[in-house]
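Colleague: One structure, as structure tokens, below. Some questions next.
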Amino acid sequence: MKWLVYIAFIAISLAAPLVFPAYTQQFSALWVLIILAMTWDMQGGQMGYNSLGNIFFFGFGMYVSAVVQVSIAHDIGEYTYAGGINVFQFTDGQYFTGLVLGVAAAGILCALLAFPLGWILFGLRGPYFAIGTLGVAIAAGEMVGTWEWVGAGQGISMPPFPGNPDTAKFVLYIMNMITGMVCFAVIAWLYSTRFGLALNAIRDDEQKAEGMGLQTLWIKRVCWAVAAFFVGICGAIYGNTVGFIEPLEVAFQTIYLGIFMVVAVLLGGKGTLWGPVVGAIVFHTLKEVTWTHFLGWQWVALGVLIVVIVVYFQEGIMGWLQRQRPEWFGIRVESREPEAEAAT
Amino acid sequence: MSVITKFTTAAALGAALVSMPLSASAEEFITLGSAISLTGKYSTNGLHAQNGYDFAIKKINDAGGVDVGGTKYKLRVIYYDDESTPARGAQLAERLIAQDGVQYMLGPYSSGLTKAIAPVTEKYQIPMVEAEGASRSLFNKGYKYLFAVLSTSEQYLASAIDLAAGMAEREGKSPSDVKIAMAFENDPFSLDVRAGVADDAAKYGMQIVVDDKLPRDLSDMSATLTKVKALKPDLLVVSGHSKGAATAVRQIGEMGISVPMLAVTHCEAADVTGKFGDTANGILCSTQWAETLTYEDPFFGSAANYNEEFKAAYPEYADKKVPYQTAQASAAVWVFKDAFERAGTLDKEALRDAIAETDLMTFYGGIKFSAAGNNVAKPMVLRQIQDGIYNVVAPPEFASHELQWPRP
């Protein structure tokens, strides 16, 4: 049964852009949200640390990959100079080498950066941690925004994908999909190990976890590094999908994706494996519909959605399912209410 | 339980709606697409631009539409709200082209959004005529399908620097004695204006005493103005779209800053005379277009005529200036009409070539594109607010009034 779900999920993911090629970009954006939601839930759901700054790695990865991709062929300072009149071109070889190196560098550097950052931030708890991480993301956006070498507020136009636009979208979709699936597999595996239990122990009572001999600071940092790795890669691919990156609204977009990932997790169900995935799918669909059919009212619709989730539906979709149908999640229930028995 | 039902229904409904693209009926309509800022920090100007598009489209449709190879077509536009963010803009451009089947694009508002959307239109080889993206960095990427009817941003305040140099000479000083304070919003447009000002200032050897980058969504620049108060520059330059202009004029009034020359972009769009009255006097405003200029074409008539007709159609502008953002948006629509009629076909490649060959005189000024896609046939003008009236003071060939110096 479990494997059937996985196979169906992979098949649908592969088939989606082939059956509805016009929507490939939307599916790509959906994967981005899924990856961000899954990695957010590692801290927010499983470990009990509500980070508002995961978007930092998204932007950092995006900029790392942009710098690598441009530098491979041109001087980045000249490329981004505001008054520049030179025309810059990339060969196919430069583009693809740049893309591979850029994405790899983004993932690795983000993961490495999570350690020193985590060393500072994981001393904070609760709302202090949330605001601390948010501060990192905002500060990073403002700093990159004044750094002329990477274009400051002008941003960077990414090298264009050589060839057919449909191929470009498909290639980037597949990159997103593979990142998402590997990310899911890694997370699912982590949750099945002692490491996953340690995360839950930290969430439930950090003092006790430490008292039992868990190296909590180390565990928290590893957890964040794993998330940062995937978020960085995801940001790098996203930069290439959008084609133009700039610090405040594309890279370190705290109030857009930075919040959407949290909403998606809350909607899908915090602290569950599938919750972030389901939440991201439902949220993305809702958003795409309301966003274009209530022009000008979309933010109101989003606000209402957040209020409804937080006030009436805290357990999320998967949390609700888990309560209604525990046997689907391998939870054995000794005695159930008679009418529920009759219904099944 | 009921909440869940609502969610699932909404989700199902959503899926159904998403999978139903708007089909563009090609029998009598030419469908243009545009992602425009209806919310967010650029919404004031996004709306000005949208009104400009809609005004021109209505006027063209009322006059019978566009004659393409003997068939009459009406124009229409699919709009989405890009929320003033580039990431959303790029996504919506993709959506317009891939899902809604749009073949011709009108530009968004601001250089930043245009920079985000141009790679998408270029990728799909969709001609885009844009009216609101002026940064030079748009025209050094080798784009073939991007055409801009407006002058590039380094020209916005070039005349102000020339005027400052002229005034220094009149006072018996050298232009290199001129001290400039600059405050620019940290966005692609303003930074390009800044690069232009810096180049011009370097040409005269002027000293730049303040060079501040201000945050987006500019609502406070008192820190910069405090420095200005202390350093007493000869010229203060501010650029930050409508919000920047409004904030600058408001705080200059509140803090009692006095500089002999003050040059600002986007005065009309921010309606500084209406909002701040006398405080706005003496400000130099760069403009792409002014209703007092003598440009003319057979369809819209003179610049003054456009101004009147637009105010009649949109009464909310009755006691405001019609901003140039609106005029150039209308001009962009006109470029499409002209190109469609010359191309004589709806084929986007032929249309692209026809647009590239555009050579028009319009109410908005001359329109002729360089190989890079920017308009090289129209200069910028500089107006000064004199007793609440915008009068053209530079460049000399367009000037109708003398510069008032120093600023009252």
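All residue names refer to the structure tokens as shown: chains lettered A, B, ... in order, residues numbered from 1 in each chain, ligands numbered from 1 in order.
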What parts of region 116-197 of chain B does DSSP call strand (DSSP E)? I'd like the answer as a list of chain:residue names.
Modeller: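 Residues meeting the strand (DSSP E) criterion: B:Met128, B:Val129, B:Glu130, B:Leu146, B:Phe147, B:Ala148, B:Lys179, B:Ile180, B:Ala181, B:Met182, B:Ala183, B:Phe184, B:Glu185.
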Colleague: Identify all residues of region 126-327 of chain B in helix (DSSP H, G or I) (DSSP on the backbone) and supply them as an MDAnalysis selection string.
Modeller: chainID B and resid 136:138 153:155 158:170 175:177 188:204 222:231 241:255 267:270 272:280 303:313 315:317 324:327
Colleague: Env of Phe252 (chain A): 8 Å cut, atoms = only C-alpha atoms, seq-sep filter 5 positions within chain, self excluded. Answer as a PyMOL selection string.
Modeller: chain A and resi 55-56+58-60+137-138+140-141+247
Colleague: For the residues in that selection, give me C-alpha atoms as an mmCIF file, in the first residue's frame.
Modeller:
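What follows is the written file out-v3.cif:
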```cif
data_model
loop_
_atom_site.group_PDB
_atom_site.id
_atom_site.type_symbol
_atom_site.label_atom_id
_atom_site.label_comp_id
_atom_site.auth_asym_id
_atom_site.auth_seq_id
_atom_site.Cartn_x
_atom_site.Cartn_y
_atom_site.Cartn_z
ATOM 1 C CA ILE A 55 14.413 31.641 3.217
ATOM 2 C CA PHE A 56 17.922 32.914 3.944
ATOM 3 C CA PHE A 58 17.054 30.028 -0.480
ATOM 4 C CA GLY A 59 18.443 33.451 -1.325
ATOM 5 C CA PHE A 60 22.005 32.567 -0.434
ATOM 6 C CA ALA A 137 17.178 36.664 6.335
ATOM 7 C CA ILE A 138 16.217 40.340 6.356
ATOM 8 C CA ALA A 140 21.127 39.280 4.322
ATOM 9 C CA GLY A 141 18.673 40.814 1.840
ATOM 10 C CA PRO A 247 17.877 40.583 -3.282
#
```
Colleague: Near Val222 (chain A), counting only C-alpha atoms, which residues have an atom at most 12 Å away, once you skip same-chain residues fewer than 6 positions from it, shown as a ChimeraX atom specification?
Modeller: /A:42-43,47,111-119,122,190,195-196,198-199,215-216,228-229
Colleague: Restricting the calculation to only C-alpha atoms, which member of A:Phe244, A:Tyr312, A:Tyr49, A:Phe329 is positioned closest to chain B?
Modeller: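 Closest candidate: A:Phe244.
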Colleague: So that I can see what lies close to Gln94 (chain A), please list as number ranges by chain the residues with an atom at most 10 Å from it, counting only C-alpha atoms and leaving out residues fewer than 6 positions away in the same chain.
Modeller: A: 69-73, 159
Colleague: Please dump the current selection as a short mmCIF file (atom, residue, chain, number, x, y, z; two decimals), in the first residue's frame; keep N, CA and C atoms.
Modeller:
```cif
data_model
loop_
_atom_site.label_atom_id
_atom_site.label_comp_id
_atom_site.auth_asym_id
_atom_site.auth_seq_id
_atom_site.Cartn_x
_atom_site.Cartn_y
_atom_site.Cartn_z
N GLN A 69 27.61 30.88 -12.00
CA GLN A 69 27.19 30.74 -13.39
C GLN A 69 27.66 31.89 -14.27
N VAL A 70 27.65 33.10 -13.73
CA VAL A 70 28.10 34.25 -14.52
C VAL A 70 29.62 34.28 -14.58
N SER A 71 30.26 34.03 -13.43
CA SER A 71 31.72 34.14 -13.37
C SER A 71 32.43 33.17 -14.29
N ILE A 72 31.75 32.09 -14.61
CA ILE A 72 32.41 31.09 -15.44
C ILE A 72 32.75 31.67 -16.82
N ALA A 73 31.98 32.69 -17.24
CA ALA A 73 32.22 33.26 -18.57
C ALA A 73 32.64 34.73 -18.52
N PRO A 159 21.98 33.83 -16.81
CA PRO A 159 22.23 33.43 -18.20
C PRO A 159 21.01 32.70 -18.75
#
```
Colleague: Distance cut-off 7 Å, counting only C-alpha atoms - which residues of chain B neighbour chain A? Return them as a VMD selection string.
Modeller: chain B and resid 11 14 to 15 18 38 to 39 80 to 81 85 to 87 90 98 to 99 115 to 116 119 123 to 124 136 to 137 140 to 142 186 to 188 191 to 192 195
Colleague: Selection from above, C-alpha atoms, as a compact mmCIF listing (two decimals), in the first residue's frame, can you write it?
Modeller:
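So the final result, stored in again.txt, reads:
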```txt
# COMPACT_ATOMS: atom_id res chain seq x y z
CA ALA B 11 -9.27 22.56 -3.76
CA GLY B 14 -9.28 25.21 -7.88
CA ALA B 15 -7.98 22.26 -9.80
CA VAL B 18 -6.60 25.92 -13.23
CA LEU B 38 -2.05 46.69 -9.13
CA THR B 39 -0.97 46.07 -5.54
CA TYR B 80 -2.58 39.95 -14.00
CA ASP B 81 -1.40 41.63 -10.83
CA THR B 85 7.54 41.70 -7.25
CA PRO B 86 9.80 40.37 -10.00
CA ALA B 87 9.38 36.70 -9.08
CA ALA B 90 8.12 36.34 -14.33
CA ALA B 98 2.10 29.28 -21.96
CA GLN B 99 -1.39 28.99 -20.50
CA LYS B 115 13.97 42.84 -16.19
CA ALA B 116 12.11 39.87 -14.77
CA PRO B 119 13.88 36.91 -20.26
CA LYS B 123 12.67 32.80 -24.44
CA TYR B 124 9.31 32.39 -26.18
CA ARG B 136 19.98 50.65 -19.44
CA SER B 137 20.67 47.20 -18.07
CA ASN B 140 22.67 45.19 -22.88
CA LYS B 141 21.42 41.62 -22.82
CA GLY B 142 21.05 41.28 -26.57
CA ASN B 186 17.78 50.70 -4.14
CA ASP B 187 16.03 49.39 -7.24
CA PRO B 188 17.10 48.85 -10.85
CA LEU B 191 20.30 52.88 -9.52
CA ASP B 192 20.55 53.43 -13.25
CA ALA B 195 24.80 55.82 -12.55
```
Colleague: Measuring atom to atom with only C-alpha atoms, identify which of B:Arg352, B:Lys58, B:Lys378, B:His401 is nearest to Gln328 (chain B).
Modeller: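 Among the listed residues, B:Lys378 lies closest to Gln328 (chain B).
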Colleague: Go through A:Val304, A:Val5, A:Gly45, A:Ile255 and flag the residue nearest Gly319 (chain A), using only C-alpha atoms for the distances.
Modeller: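 The shortest atom-to-atom distance to Gly319 (chain A) comes from A:Gly45.
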Colleague: Do you have the CA of Gly205 (chain B)-CA of Leu262 (chain B) distance handy?
Modeller: 19.2 Å
